[in-house]
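One file, my_file-v4.pdb, carrying PDB, C-alpha atoms, pLDDT in the B column:
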ATOM      1  CA  MET A   1      25.134   5.489  -7.988  1.00 80.00           C
ATOM      2  CA  LYS A   2      23.447   8.466  -9.652  1.00 88.00           C
ATOM      3  CA  LEU A   3      20.749  10.460  -7.830  1.00 93.00           C
ATOM      4  CA  LEU A   4      18.442  13.299  -8.815  1.00 94.00           C
ATOM      5  CA  TYR A   5      17.716  15.690  -5.935  1.00 94.00           C
ATOM      6  CA  GLU A   6      15.086  18.440  -6.037  1.00 93.00           C
ATOM      7  CA  GLU A   7      15.034  21.134  -3.359  1.00 90.00           C
ATOM      8  CA  ASP A   8      14.209  24.817  -3.890  1.00 88.00           C
ATOM      9  CA  GLU A   9      16.025  25.992  -0.748  1.00 89.00           C
ATOM     10  CA  ARG A  10      19.540  26.480  -2.127  1.00 90.00           C
ATOM     11  CA  PRO A  11      21.467  26.307   1.205  1.00 92.00           C
ATOM     12  CA  LEU A  12      19.748  23.039   2.156  1.00 90.00           C
ATOM     13  CA  SER A  13      20.288  21.661  -1.349  1.00 92.00           C
ATOM     14  CA  GLU A  14      24.007  22.444  -1.209  1.00 93.00           C
ATOM     15  CA  ALA A  15      24.356  20.817   2.221  1.00 93.00           C
ATOM     16  CA  VAL A  16      22.567  17.620   1.170  1.00 93.00           C
ATOM     17  CA  VAL A  17      24.475  17.399  -2.126  1.00 93.00           C
ATOM     18  CA  ASP A  18      27.769  17.760  -0.217  1.00 93.00           C
ATOM     19  CA  ILE A  19      26.828  14.907   2.134  1.00 92.00           C
ATOM     20  CA  LEU A  20      25.660  12.621  -0.678  1.00 93.00           C
ATOM     21  CA  THR A  21      28.726  13.398  -2.768  1.00 91.00           C
ATOM     22  CA  TYR A  22      30.996  12.648   0.194  1.00 89.00           C
ATOM     23  CA  HIS A  23      29.380   9.189   0.347  1.00 87.00           C
ATOM     24  CA  ASN A  24      30.230   8.506  -3.313  1.00 83.00           C
ATOM     25  CA  TYR A  25      26.855   9.355  -4.860  1.00 89.00           C
ATOM     26  CA  LEU A  26      26.766  11.335  -8.086  1.00 89.00           C
ATOM     27  CA  VAL A  27      24.059  13.976  -7.668  1.00 92.00           C
ATOM     28  CA  ASP A  28      22.230  16.234 -10.102  1.00 92.00           C
ATOM     29  CA  ALA A  29      20.515  19.043  -8.184  1.00 92.00           C
ATOM     30  CA  VAL A  30      17.454  20.856  -9.546  1.00 92.00           C
ATOM     31  CA  TYR A  31      15.352  23.579  -7.931  1.00 93.00           C
ATOM     32  CA  ASN A  32      11.817  23.291  -9.320  1.00 92.00           C
ATOM     33  CA  GLY A  33       9.312  20.650 -10.315  1.00 88.00           C
ATOM     34  CA  GLU A  34       9.484  21.152 -14.065  1.00 90.00           C
ATOM     35  CA  ASP A  35      13.230  20.537 -14.131  1.00 92.00           C
ATOM     36  CA  ALA A  36      12.821  17.571 -11.770  1.00 92.00           C
ATOM     37  CA  TYR A  37      10.358  15.947 -14.185  1.00 92.00           C
ATOM     38  CA  ASP A  38      12.480  16.607 -17.288  1.00 91.00           C
ATOM     39  CA  TYR A  39      15.709  15.381 -15.661  1.00 91.00           C
ATOM     40  CA  ALA A  40      14.017  12.285 -14.200  1.00 90.00           C
ATOM     41  CA  LEU A  41      12.801  11.136 -17.611  1.00 84.00           C
ATOM     42  CA  SER A  42      16.109  11.627 -19.357  1.00 79.00           C
ATOM     43  CA  GLY A  43      18.893  11.209 -16.799  1.00 67.00           C
ATOM     44  CA  GLY A  44      19.130   7.456 -16.155  1.00 77.00           C
ATOM     45  CA  TYR A  45      19.047   7.819 -12.353  1.00 88.00           C
ATOM     46  CA  ASP A  46      19.312   5.069  -9.742  1.00 88.00           C
ATOM     47  CA  GLY A  47      17.150   7.046  -7.318  1.00 92.00           C
ATOM     48  CA  ILE A  48      15.166  10.302  -7.097  1.00 94.00           C
ATOM     49  CA  ILE A  49      14.650  12.546  -4.056  1.00 94.00           C
ATOM     50  CA  LEU A  50      11.733  14.984  -4.359  1.00 92.00           C
ATOM     51  CA  ASP A  51      10.502  17.764  -2.097  1.00 89.00           C
ATOM     52  CA  ILE A  52       6.702  17.946  -2.227  1.00 85.00           C
ATOM     53  CA  MET A  53       6.463  21.722  -1.728  1.00 83.00           C
ATOM     54  CA  MET A  54       8.339  23.106  -4.720  1.00 85.00           C
ATOM     55  CA  PRO A  55       7.758  25.809  -7.370  1.00 84.00           C
ATOM     56  CA  LYS A  56       6.294  25.379 -10.884  1.00 86.00           C
ATOM     57  CA  ARG A  57       5.160  21.815 -10.249  1.00 87.00           C
ATOM     58  CA  ASP A  58       4.742  20.189  -6.843  1.00 84.00           C
ATOM     59  CA  GLY A  59       6.396  16.928  -5.952  1.00 82.00           C
ATOM     60  CA  MET A  60       3.182  14.948  -5.829  1.00 86.00           C
ATOM     61  CA  GLU A  61       2.320  16.013  -9.370  1.00 89.00           C
ATOM     62  CA  VAL A  62       5.843  15.144 -10.585  1.00 91.00           C
ATOM     63  CA  LEU A  63       5.660  11.757  -8.860  1.00 89.00           C
ATOM     64  CA  SER A  64       2.282  10.900 -10.406  1.00 87.00           C
ATOM     65  CA  ALA A  65       3.359  12.028 -13.874  1.00 89.00           C
ATOM     66  CA  LEU A  66       6.571   9.984 -13.713  1.00 89.00           C
ATOM     67  CA  ARG A  67       4.731   6.819 -12.703  1.00 87.00           C
ATOM     68  CA  LYS A  68       2.121   7.341 -15.442  1.00 83.00           C
ATOM     69  CA  ASN A  69       4.969   7.645 -17.963  1.00 82.00           C
ATOM     70  CA  GLY A  70       6.406   4.296 -16.859  1.00 77.00           C
ATOM     71  CA  CYS A  71       9.273   5.603 -14.724  1.00 83.00           C
ATOM     72  CA  LYS A  72      10.189   2.847 -12.243  1.00 82.00           C
ATOM     73  CA  THR A  73      13.088   4.670 -10.583  1.00 88.00           C
ATOM     74  CA  PRO A  74      12.789   4.562  -6.753  1.00 91.00           C
ATOM     75  CA  ILE A  75      11.520   7.888  -5.358  1.00 91.00           C
ATOM     76  CA  LEU A  76      11.945   9.277  -1.839  1.00 91.00           C
ATOM     77  CA  LEU A  77       9.657  12.167  -0.880  1.00 88.00           C
ATOM     78  CA  LEU A  78      10.870  14.942   1.424  1.00 84.00           C
ATOM     79  CA  THR A  79       8.368  17.385   2.881  1.00 77.00           C
ATOM     80  CA  ALA A  80       7.544  19.563   5.852  1.00 71.00           C
ATOM     81  CA  LYS A  81       4.065  18.037   5.853  1.00 61.00           C
ATOM     82  CA  THR A  82       3.771  15.356   8.500  1.00 59.00           C
ATOM     83  CA  GLN A  83       0.048  14.555   8.441  1.00 60.00           C
ATOM     84  CA  ILE A  84      -0.812  10.909   7.951  1.00 62.00           C
ATOM     85  CA  ASP A  85      -3.088  11.574   4.956  1.00 67.00           C
ATOM     86  CA  ASP A  86      -0.243  13.335   3.113  1.00 66.00           C
ATOM     87  CA  ARG A  87       2.022  10.345   3.680  1.00 68.00           C
ATOM     88  CA  ILE A  88      -0.667   7.953   2.460  1.00 72.00           C
ATOM     89  CA  ARG A  89      -1.311  10.090  -0.635  1.00 74.00           C
ATOM     90  CA  GLY A  90       2.401  10.104  -1.499  1.00 73.00           C
ATOM     91  CA  LEU A  91       2.815   6.364  -1.058  1.00 75.00           C
ATOM     92  CA  ASP A  92      -0.366   5.640  -3.017  1.00 76.00           C
ATOM     93  CA  ALA A  93       0.938   7.846  -5.849  1.00 78.00           C
ATOM     94  CA  GLY A  94       3.979   5.589  -6.175  1.00 82.00           C
ATOM     95  CA  ALA A  95       6.601   6.864  -3.734  1.00 85.00           C
ATOM     96  CA  ASP A  96       8.959   4.261  -2.294  1.00 84.00           C
ATOM     97  CA  ASP A  97       9.534   6.083   0.977  1.00 84.00           C
ATOM     98  CA  TYR A  98       8.669   9.287   2.820  1.00 84.00           C
ATOM     99  CA  LEU A  99      10.873  11.420   5.096  1.00 84.00           C
ATOM    100  CA  PRO A 100       9.477  14.483   6.932  1.00 83.00           C
ATOM    101  CA  LYS A 101      11.528  17.689   7.229  1.00 81.00           C
ATOM    102  CA  PRO A 102      13.567  18.625   9.127  1.00 81.00           C
ATOM    103  CA  PHE A 103      15.499  15.384   8.877  1.00 86.00           C
ATOM    104  CA  ASP A 104      18.762  14.017  10.215  1.00 87.00           C
ATOM    105  CA  MET A 105      21.423  13.537   7.530  1.00 90.00           C
ATOM    106  CA  GLY A 106      22.230  10.078   8.868  1.00 89.00           C
ATOM    107  CA  GLU A 107      18.607   9.007   8.488  1.00 89.00           C
ATOM    108  CA  LEU A 108      18.486  10.446   4.959  1.00 90.00           C
ATOM    109  CA  LEU A 109      21.534   8.369   3.990  1.00 91.00           C
ATOM    110  CA  ALA A 110      19.953   5.253   5.522  1.00 88.00           C
ATOM    111  CA  ARG A 111      16.706   5.859   3.632  1.00 87.00           C
ATOM    112  CA  VAL A 112      18.582   6.346   0.369  1.00 90.00           C
ATOM    113  CA  ARG A 113      20.528   3.104   0.888  1.00 87.00           C
ATOM    114  CA  ALA A 114      17.330   1.218   1.681  1.00 83.00           C
ATOM    115  CA  MET A 115      15.565   2.727  -1.334  1.00 83.00           C
ATOM    116  CA  LEU A 116      18.376   1.688  -3.676  1.00 83.00           C
ATOM    117  CA  ARG A 117      18.419  -1.853  -2.271  1.00 75.00           C
ATOM    118  CA  ARG A 118      14.783  -2.219  -3.290  1.00 66.00           C
ATOM    119  CA  ARG A 119      15.400  -1.432  -6.948  1.00 62.00           C
ATOM    120  CA  GLU A 120      14.533  -4.019  -9.579  1.00 47.00           C
ATOM    121  CA  GLU A 121      18.188  -4.153 -10.557  1.00 48.00           C
ATOM    122  CA  PHE A 122      20.082  -4.592  -7.317  1.00 45.00           C
ATOM    123  CA  HIS A 123      23.603  -3.200  -7.261  1.00 50.00           C
ATOM    124  CA  PRO A 124      25.707  -5.058  -4.675  1.00 54.00           C
ATOM    125  CA  ASP A 125      28.212  -3.479  -2.311  1.00 69.00           C
ATOM    126  CA  MET A 126      30.992  -5.177  -4.289  1.00 79.00           C
ATOM    127  CA  LEU A 127      31.455  -4.923  -8.049  1.00 83.00           C
ATOM    128  CA  THR A 128      33.938  -7.357  -9.590  1.00 87.00           C
ATOM    129  CA  PHE A 129      35.667  -7.505 -12.948  1.00 88.00           C
ATOM    130  CA  GLY A 130      38.362 -10.131 -13.468  1.00 89.00           C
ATOM    131  CA  ASP A 131      40.860  -9.764 -10.623  1.00 91.00           C
ATOM    132  CA  LEU A 132      39.425  -6.379  -9.555  1.00 92.00           C
ATOM    133  CA  PRO A 133      36.863  -6.084  -6.731  1.00 91.00           C
ATOM    134  CA  LEU A 134      35.521  -2.530  -6.238  1.00 91.00           C
ATOM    135  CA  ASN A 135      33.832  -1.795  -2.907  1.00 88.00           C
ATOM    136  CA  THR A 136      31.018   0.656  -3.667  1.00 83.00           C
ATOM    137  CA  GLN A 137      30.701   1.700  -0.032  1.00 79.00           C
ATOM    138  CA  SER A 138      34.349   2.518   0.684  1.00 84.00           C
ATOM    139  CA  GLY A 139      35.481   3.239  -2.886  1.00 88.00           C
ATOM    140  CA  THR A 140      38.348   0.775  -2.451  1.00 92.00           C
ATOM    141  CA  LEU A 141      39.754  -1.010  -5.502  1.00 94.00           C
ATOM    142  CA  SER A 142      41.574  -4.298  -4.825  1.00 93.00           C
ATOM    143  CA  CYS A 143      43.804  -6.672  -6.754  1.00 92.00           C
ATOM    144  CA  ARG A 144      44.955  -9.762  -4.888  1.00 86.00           C
ATOM    145  CA  ASP A 145      47.038  -8.428  -1.944  1.00 86.00           C
ATOM    146  CA  THR A 146      46.892  -4.784  -3.029  1.00 91.00           C
ATOM    147  CA  GLU A 147      44.103  -2.341  -2.345  1.00 91.00           C
ATOM    148  CA  PHE A 148      43.701   1.383  -2.833  1.00 91.00           C
ATOM    149  CA  ALA A 149      41.008   3.875  -1.867  1.00 92.00           C
ATOM    150  CA  LEU A 150      40.312   5.586  -5.176  1.00 92.00           C
ATOM    151  CA  PRO A 151      39.949   9.369  -5.312  1.00 91.00           C
ATOM    152  CA  LYS A 152      36.317  10.282  -5.881  1.00 88.00           C
ATOM    153  CA  GLN A 153      36.439  10.915  -9.614  1.00 91.00           C
ATOM    154  CA  GLU A 154      38.532   7.831 -10.348  1.00 93.00           C
ATOM    155  CA  TYR A 155      36.000   5.796  -8.356  1.00 92.00           C
ATOM    156  CA  ARG A 156      33.050   7.147 -10.342  1.00 89.00           C
ATOM    157  CA  LEU A 157      34.746   6.412 -13.628  1.00 92.00           C
ATOM    158  CA  MET A 158      35.760   2.878 -12.598  1.00 92.00           C
ATOM    159  CA  GLU A 159      32.245   2.192 -11.306  1.00 89.00           C
ATOM    160  CA  GLN A 160      30.765   3.087 -14.688  1.00 88.00           C
ATOM    161  CA  LEU A 161      33.262   0.914 -16.544  1.00 91.00           C
ATOM    162  CA  MET A 162      32.455  -2.037 -14.249  1.00 88.00           C
ATOM    163  CA  VAL A 163      28.682  -1.608 -14.292  1.00 81.00           C
ATOM    164  CA  ASN A 164      28.690  -1.324 -18.085  1.00 81.00           C
ATOM    165  CA  ARG A 165      31.078  -4.234 -18.662  1.00 78.00           C
ATOM    166  CA  GLY A 166      31.325  -5.397 -22.238  1.00 79.00           C
ATOM    167  CA  ILE A 167      29.921  -2.112 -23.539  1.00 84.00           C
ATOM    168  CA  PHE A 168      31.968   0.629 -25.154  1.00 90.00           C
ATOM    169  CA  LEU A 169      31.144   3.960 -23.529  1.00 89.00           C
ATOM    170  CA  SER A 170      31.977   7.108 -25.459  1.00 90.00           C
ATOM    171  CA  SER A 171      33.845   9.979 -23.840  1.00 91.00           C
ATOM    172  CA  GLU A 172      30.570  11.925 -23.843  1.00 88.00           C
ATOM    173  CA  ASP A 173      28.735   9.058 -22.101  1.00 85.00           C
ATOM    174  CA  LEU A 174      31.432   8.814 -19.443  1.00 89.00           C
ATOM    175  CA  LEU A 175      31.419  12.569 -18.912  1.00 88.00           C
ATOM    176  CA  THR A 176      27.672  12.543 -18.245  1.00 82.00           C
ATOM    177  CA  ARG A 177      27.652   9.347 -16.176  1.00 81.00           C
ATOM    178  CA  ALA A 178      30.739  10.019 -14.031  1.00 85.00           C
ATOM    179  CA  TRP A 179      30.683  13.820 -13.746  1.00 84.00           C
ATOM    180  CA  GLY A 180      26.968  14.598 -14.078  1.00 78.00           C
ATOM    181  CA  SER A 181      24.800  16.556 -16.473  1.00 68.00           C
ATOM    182  CA  ASN A 182      25.801  19.903 -14.988  1.00 69.00           C
ATOM    183  CA  ALA A 183      29.544  19.248 -14.856  1.00 69.00           C
ATOM    184  CA  GLU A 184      31.748  22.239 -15.634  1.00 77.00           C
ATOM    185  CA  VAL A 185      34.436  20.085 -17.231  1.00 82.00           C
ATOM    186  CA  ASP A 186      35.087  18.918 -20.785  1.00 85.00           C
ATOM    187  CA  ILE A 187      36.131  15.755 -22.610  1.00 88.00           C
ATOM    188  CA  ASN A 188      39.759  16.358 -21.651  1.00 91.00           C
ATOM    189  CA  SER A 189      38.871  15.377 -18.089  1.00 91.00           C
ATOM    190  CA  VAL A 190      37.678  11.952 -19.267  1.00 91.00           C
ATOM    191  CA  TRP A 191      40.929  11.342 -21.139  1.00 93.00           C
ATOM    192  CA  LEU A 192      42.978  12.482 -18.138  1.00 94.00           C
ATOM    193  CA  TYR A 193      41.196  10.208 -15.642  1.00 94.00           C
ATOM    194  CA  ILE A 194      41.274   7.246 -18.005  1.00 95.00           C
ATOM    195  CA  SER A 195      45.056   7.725 -18.011  1.00 95.00           C
ATOM    196  CA  TYR A 196      45.080   7.822 -14.186  1.00 95.00           C
ATOM    197  CA  LEU A 197      43.101   4.567 -13.980  1.00 95.00           C
ATOM    198  CA  ARG A 198      45.334   2.823 -16.497  1.00 95.00           C
ATOM    199  CA  LYS A 199      48.380   3.735 -14.439  1.00 95.00           C
ATOM    200  CA  ARG A 200      46.564   2.530 -11.313  1.00 94.00           C
ATOM    201  CA  LEU A 201      45.832  -0.863 -12.865  1.00 94.00           C
ATOM    202  CA  THR A 202      49.442  -1.217 -13.999  1.00 94.00           C
ATOM    203  CA  ALA A 203      50.739  -0.337 -10.521  1.00 93.00           C
ATOM    204  CA  MET A 204      48.384  -2.910  -8.957  1.00 93.00           C
ATOM    205  CA  LYS A 205      49.533  -5.530 -11.511  1.00 92.00           C
ATOM    206  CA  SER A 206      45.975  -6.222 -12.585  1.00 94.00           C
ATOM    207  CA  SER A 207      45.296  -8.248 -15.713  1.00 92.00           C
ATOM    208  CA  ALA A 208      42.335  -5.996 -16.538  1.00 93.00           C
ATOM    209  CA  GLU A 209      42.805  -3.339 -19.186  1.00 93.00           C
ATOM    210  CA  ILE A 210      40.897  -0.222 -20.210  1.00 95.00           C
ATOM    211  CA  VAL A 211      40.834  -0.534 -23.975  1.00 94.00           C
ATOM    212  CA  SER A 212      39.802   2.153 -26.417  1.00 93.00           C
ATOM    213  CA  LYS A 213      38.339   1.997 -29.896  1.00 91.00           C
ATOM    214  CA  ARG A 214      38.741   5.058 -32.066  1.00 89.00           C
ATOM    215  CA  ASN A 215      35.558   7.134 -32.409  1.00 86.00           C
ATOM    216  CA  ILE A 216      33.649   4.596 -30.280  1.00 90.00           C
ATOM    217  CA  GLY A 217      34.829   4.721 -26.668  1.00 92.00           C
ATOM    218  CA  TYR A 218      36.275   2.768 -23.746  1.00 94.00           C
ATOM    219  CA  ARG A 219      35.564  -0.484 -21.910  1.00 92.00           C
ATOM    220  CA  LEU A 220      37.199  -2.873 -19.447  1.00 92.00           C
ATOM    221  CA  GLU A 221      38.621  -6.102 -20.884  1.00 91.00           C
ATOM    222  CA  MET A 222      40.479  -9.149 -19.619  1.00 87.00           C
ATOM    223  CA  PRO A 223      43.082 -10.762 -21.922  1.00 81.00           C
ATOM    224  CA  LEU A 224      42.005 -14.047 -23.475  1.00 68.00           C
TER
END
When written as structure tokens, how does the structure in this file appear?
Amino acid sequence: MKLLYEEDERPLSEAVVDILTYHNYLVDAVYNGEDAYDYALSGGYDGIILDIMMPKRDGMEVLSALRKNGCKTPILLLTAKTQIDDRIRGLDAGADDYLPKPFDMGELLARVRAMLRRREEFHPDMLTFGDLPLNTQSGTLSCRDTEFALPKQEYRLMEQLMVNRGIFLSSEDLLTRAWGSNAEVDINSVWLYISYLRKRLTAMKSSAEIVSKRNIGYRLEMPL
């Protein structure tokens, strides 16, 4: 699951990103409203978390502009404002939920899960391809009687291959989808982790294969 998170207080942003990342979310963090708007329109996010009080462009303005431009991504508003009229204004502008600051991290995670469940395209807790179930909550990959808790980056890569089944994803696509837009890694990392996953599938005796097509990309396949 890929989230966009806007918060101009850097220490709070780092803490929230750490928590979300620990729970297997891929997070792009931005620190002002202009970047939040630009990223939201171009990043292919499953959910967006916006602080209302932010520089350059406030969260309410970003929310309204996104909805006017046809963005249907679920949006959770975070703000220090707790007045009822502010909550009503945010919800009327198209927010899916509203969480006042300061907030408990456990409640934030619960709100994010609830927000993602309400998306038009529901992503279940279990993704399956052939003989491979992938638990999106625990990050556990299974094959018959064998299961393994994937390291975080292997999980993100496998999730993208399963979600985009039947589609060849280029190394560049996988880098953006599994590492994030601001990743300080290069294409070599994609090749390395594809190799790790192939070895994992062989060790688990799965029939699924990660196939590659020169100059096109990678996808999961089952033998005919």
Listing only residues of region 43-83 of chain A within 12 Å of region 98-101 of chain A, what is the closest atom pair and its distance in Å (to one decimal) for each, using all atoms listed in the file, sorted by chain and residue number ascending, as a Markdown table?
| residue | atom | partner | partner_atom | distance |
| --- | --- | --- | --- | --- |
| A:Ile48 | CA | A:Tyr98 | CA | 11.9 |
| A:Ile49 | CA | A:Tyr98 | CA | 9.7 |
| A:Leu50 | CA | A:Tyr98 | CA | 9.7 |
| A:Asp51 | CA | A:Lys101 | CA | 9.4 |
| A:Ile52 | CA | A:Pro100 | CA | 10.2 |
| A:Met53 | CA | A:Lys101 | CA | 11.1 |
| A:Gly59 | CA | A:Tyr98 | CA | 11.9 |
| A:Met60 | CA | A:Tyr98 | CA | 11.7 |
| A:Pro74 | CA | A:Tyr98 | CA | 11.4 |
| A:Ile75 | CA | A:Tyr98 | CA | 8.8 |
| A:Leu76 | CA | A:Tyr98 | CA | 5.7 |
| A:Leu77 | CA | A:Tyr98 | CA | 4.8 |
| A:Leu78 | CA | A:Leu99 | CA | 5.1 |
| A:Thr79 | CA | A:Pro100 | CA | 5.1 |
| A:Ala80 | CA | A:Lys101 | CA | 4.6 |
| A:Lys81 | CA | A:Pro100 | CA | 6.6 |
| A:Thr82 | CA | A:Pro100 | CA | 6.0 |
| A:Gln83 | CA | A:Pro100 | CA | 9.5 |
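Every protein, DNA or RNA residue with an atom at most 12 Å from Ser195 (chain A), where all atoms listed in the file count and chain neighbours fewer than 6 positions away do not, is listed here: Glu154, Leu157, Met158, Asn188, Ser189, Leu201, Thr202, Glu209, Ile210, Val211, Ser212 and Tyr218 of chain A.
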Using the selection just defined, write its residues with C-alpha atoms as an mmCIF file, keeping the file's coordinate frame.
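Once everything was written out, this is again28.cif:
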data_model
loop_
_atom_site.group_PDB
_atom_site.id
_atom_site.type_symbol
_atom_site.label_atom_id
_atom_site.label_comp_id
_atom_site.auth_asym_id
_atom_site.auth_seq_id
_atom_site.Cartn_x
_atom_site.Cartn_y
_atom_site.Cartn_z
ATOM 1 C CA GLU A 154 38.532 7.831 -10.348
ATOM 2 C CA LEU A 157 34.746 6.412 -13.628
ATOM 3 C CA MET A 158 35.760 2.878 -12.598
ATOM 4 C CA ASN A 188 39.759 16.358 -21.651
ATOM 5 C CA SER A 189 38.871 15.377 -18.089
ATOM 6 C CA LEU A 201 45.832 -0.863 -12.865
ATOM 7 C CA THR A 202 49.442 -1.217 -13.999
ATOM 8 C CA GLU A 209 42.805 -3.339 -19.186
ATOM 9 C CA ILE A 210 40.897 -0.222 -20.210
ATOM 10 C CA VAL A 211 40.834 -0.534 -23.975
ATOM 11 C CA SER A 212 39.802 2.153 -26.417
ATOM 12 C CA TYR A 218 36.275 2.768 -23.746
#
Quick one: apply the PyMOL selection byres ((chain A and resi 147-153) around 8) to the file and drop the selected residues here as JSON, numbers by chain.
-> {"A": [24, 138, 139, 140, 141, 142, 143, 144, 145, 146, 154, 155, 156, 157, 178, 179, 193, 204]}
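With distances taken over all atoms listed in the file, A:Lys213 is the one residue among A:Arg200, A:Lys205, A:Lys213, A:Lys72 lying closest to Ser171 (chain A).
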Distance query Phe168 (chain A) at most 12 Å, all atoms listed in the file, self and fewer than 2 positions along chain excluded, as a ChimeraX atom specification = /A:160-166,170-174,210-221
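Residues in contact with Ile19 (chain A) at 10 Å, where only C-alpha atoms are counted and same-chain residues fewer than 5 positions away are skipped, are listed as Glu14, Asn24, Tyr25, Met105, Gly106, Leu108 and Leu109 of chain A.
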Computed gap from CA of Thr176 (chain A) to CA of Tyr31 (chain A) is 19.5 Å
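For the structure shown here, the set of residues caught by the PyMOL selection byres ((chain A and resi 45) around 8) is Met1, Lys2, Leu3, Leu4, Ala40, Gly43, Gly44, Asp46, Gly47, Ile48 and Thr73 of chain A.
Closest approach to Met54 (chain A) among A:Ala36, A:Val27, A:Ile167, A:Leu20: A:Ala36, based on only C-alpha atoms.
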How far is it from CA of Glu34 (chain A) to CA of Arg57 (chain A), in Å with one decimal?
-> 5.8 Å
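Counting from CA of Asn32 (chain A), the distance to CA of Leu116 (chain A) is 23.3 Å.
Comparing A:Arg198, A:Arg10, A:Arg113, A:Arg177 by their smallest distance to His23 (chain A), the closest is A:Arg113 (using only C-alpha atoms).
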If you take every atom of region 21-39 of chain A that the file lists and fit an axis-aligned box around them with 8 Å extra on each side, what centre and edge lengths come out in Å to one decimal, as lines of an AutoDock Vina configuration file?
center_x = 20.2
center_y = 16.0
center_z = -8.5
size_x = 37.7
size_y = 31.1
size_z = 33.6
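When the distance limit is 9 Å and all atoms listed in the file are what count, the residues near Val17 (chain A), minus those fewer than 5 positions from it on the same chain, are Tyr5, Leu12, Tyr22, Tyr25, Leu26, Val27, Asp28 and Ala29 of chain A.
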Reconstruct all heavy atoms of region 56-61 of chain A from the incomplete input and present them as a PDB file, keeping the file's coordinate frame.
ATOM      1  N   LYS A  56       6.624  25.751  -9.506  1.00 86.00           N
ATOM      2  CA  LYS A  56       6.294  25.379 -10.884  1.00 86.00           C
ATOM      3  C   LYS A  56       5.491  24.092 -10.984  1.00 86.00           C
ATOM      4  O   LYS A  56       4.546  24.006 -11.764  1.00 86.00           O
ATOM      5  CB  LYS A  56       7.555  25.301 -11.760  1.00 86.00           C
ATOM      6  CG  LYS A  56       8.281  26.633 -11.922  1.00 86.00           C
ATOM      7  CD  LYS A  56       9.365  26.546 -12.979  1.00 86.00           C
ATOM      8  CE  LYS A  56      10.017  27.906 -13.165  1.00 86.00           C
ATOM      9  NZ  LYS A  56      11.095  27.874 -14.200  1.00 86.00           N
ATOM     10  N   ARG A  57       5.874  23.099 -10.208  1.00 87.00           N
ATOM     11  CA  ARG A  57       5.160  21.815 -10.249  1.00 87.00           C
ATOM     12  C   ARG A  57       5.461  21.097  -8.956  1.00 87.00           C
ATOM     13  O   ARG A  57       6.623  20.832  -8.648  1.00 87.00           O
ATOM     14  CB  ARG A  57       5.667  21.012 -11.455  1.00 87.00           C
ATOM     15  CG  ARG A  57       4.738  19.931 -11.948  1.00 87.00           C
ATOM     16  CD  ARG A  57       5.230  19.400 -13.288  1.00 87.00           C
ATOM     17  NE  ARG A  57       4.322  18.401 -13.818  1.00 87.00           N
ATOM     18  CZ  ARG A  57       4.494  17.772 -14.965  1.00 87.00           C
ATOM     19  NH1 ARG A  57       5.545  18.043 -15.720  1.00 87.00           N
ATOM     20  NH2 ARG A  57       3.621  16.883 -15.380  1.00 87.00           N
ATOM     21  N   ASP A  58       4.438  20.784  -8.146  1.00 84.00           N
ATOM     22  CA  ASP A  58       4.742  20.189  -6.843  1.00 84.00           C
ATOM     23  C   ASP A  58       5.166  18.738  -6.977  1.00 84.00           C
ATOM     24  O   ASP A  58       4.954  18.090  -8.001  1.00 84.00           O
ATOM     25  CB  ASP A  58       3.575  20.359  -5.856  1.00 84.00           C
ATOM     26  CG  ASP A  58       2.363  19.503  -6.205  1.00 84.00           C
ATOM     27  OD1 ASP A  58       2.519  18.308  -6.484  1.00 84.00           O
ATOM     28  OD2 ASP A  58       1.245  20.046  -6.184  1.00 84.00           O
ATOM     29  N   GLY A  59       5.804  18.258  -5.916  1.00 82.00           N
ATOM     30  CA  GLY A  59       6.396  16.928  -5.952  1.00 82.00           C
ATOM     31  C   GLY A  59       5.401  15.819  -6.188  1.00 82.00           C
ATOM     32  O   GLY A  59       5.708  14.825  -6.848  1.00 82.00           O
ATOM     33  N   MET A  60       4.191  15.978  -5.643  1.00 86.00           N
ATOM     34  CA  MET A  60       3.182  14.948  -5.829  1.00 86.00           C
ATOM     35  C   MET A  60       2.778  14.842  -7.294  1.00 86.00           C
ATOM     36  O   MET A  60       2.588  13.742  -7.835  1.00 86.00           O
ATOM     37  CB  MET A  60       1.957  15.261  -4.970  1.00 86.00           C
ATOM     38  CG  MET A  60       1.120  14.059  -4.637  1.00 86.00           C
ATOM     39  SD  MET A  60       1.934  12.953  -3.439  1.00 86.00           S
ATOM     40  CE  MET A  60       1.754  13.931  -1.940  1.00 86.00           C
ATOM     41  N   GLU A  61       2.666  15.999  -7.954  1.00 89.00           N
ATOM     42  CA  GLU A  61       2.320  16.013  -9.370  1.00 89.00           C
ATOM     43  C   GLU A  61       3.441  15.385 -10.204  1.00 89.00           C
ATOM     44  O   GLU A  61       3.178  14.611 -11.134  1.00 89.00           O
ATOM     45  CB  GLU A  61       2.072  17.453  -9.836  1.00 89.00           C
ATOM     46  CG  GLU A  61       1.677  17.564 -11.301  1.00 89.00           C
ATOM     47  CD  GLU A  61       1.518  19.005 -11.750  1.00 89.00           C
ATOM     48  OE1 GLU A  61       1.546  19.913 -10.892  1.00 89.00           O
ATOM     49  OE2 GLU A  61       1.386  19.219 -12.976  1.00 89.00           O
TER      50      GLU A  61
END
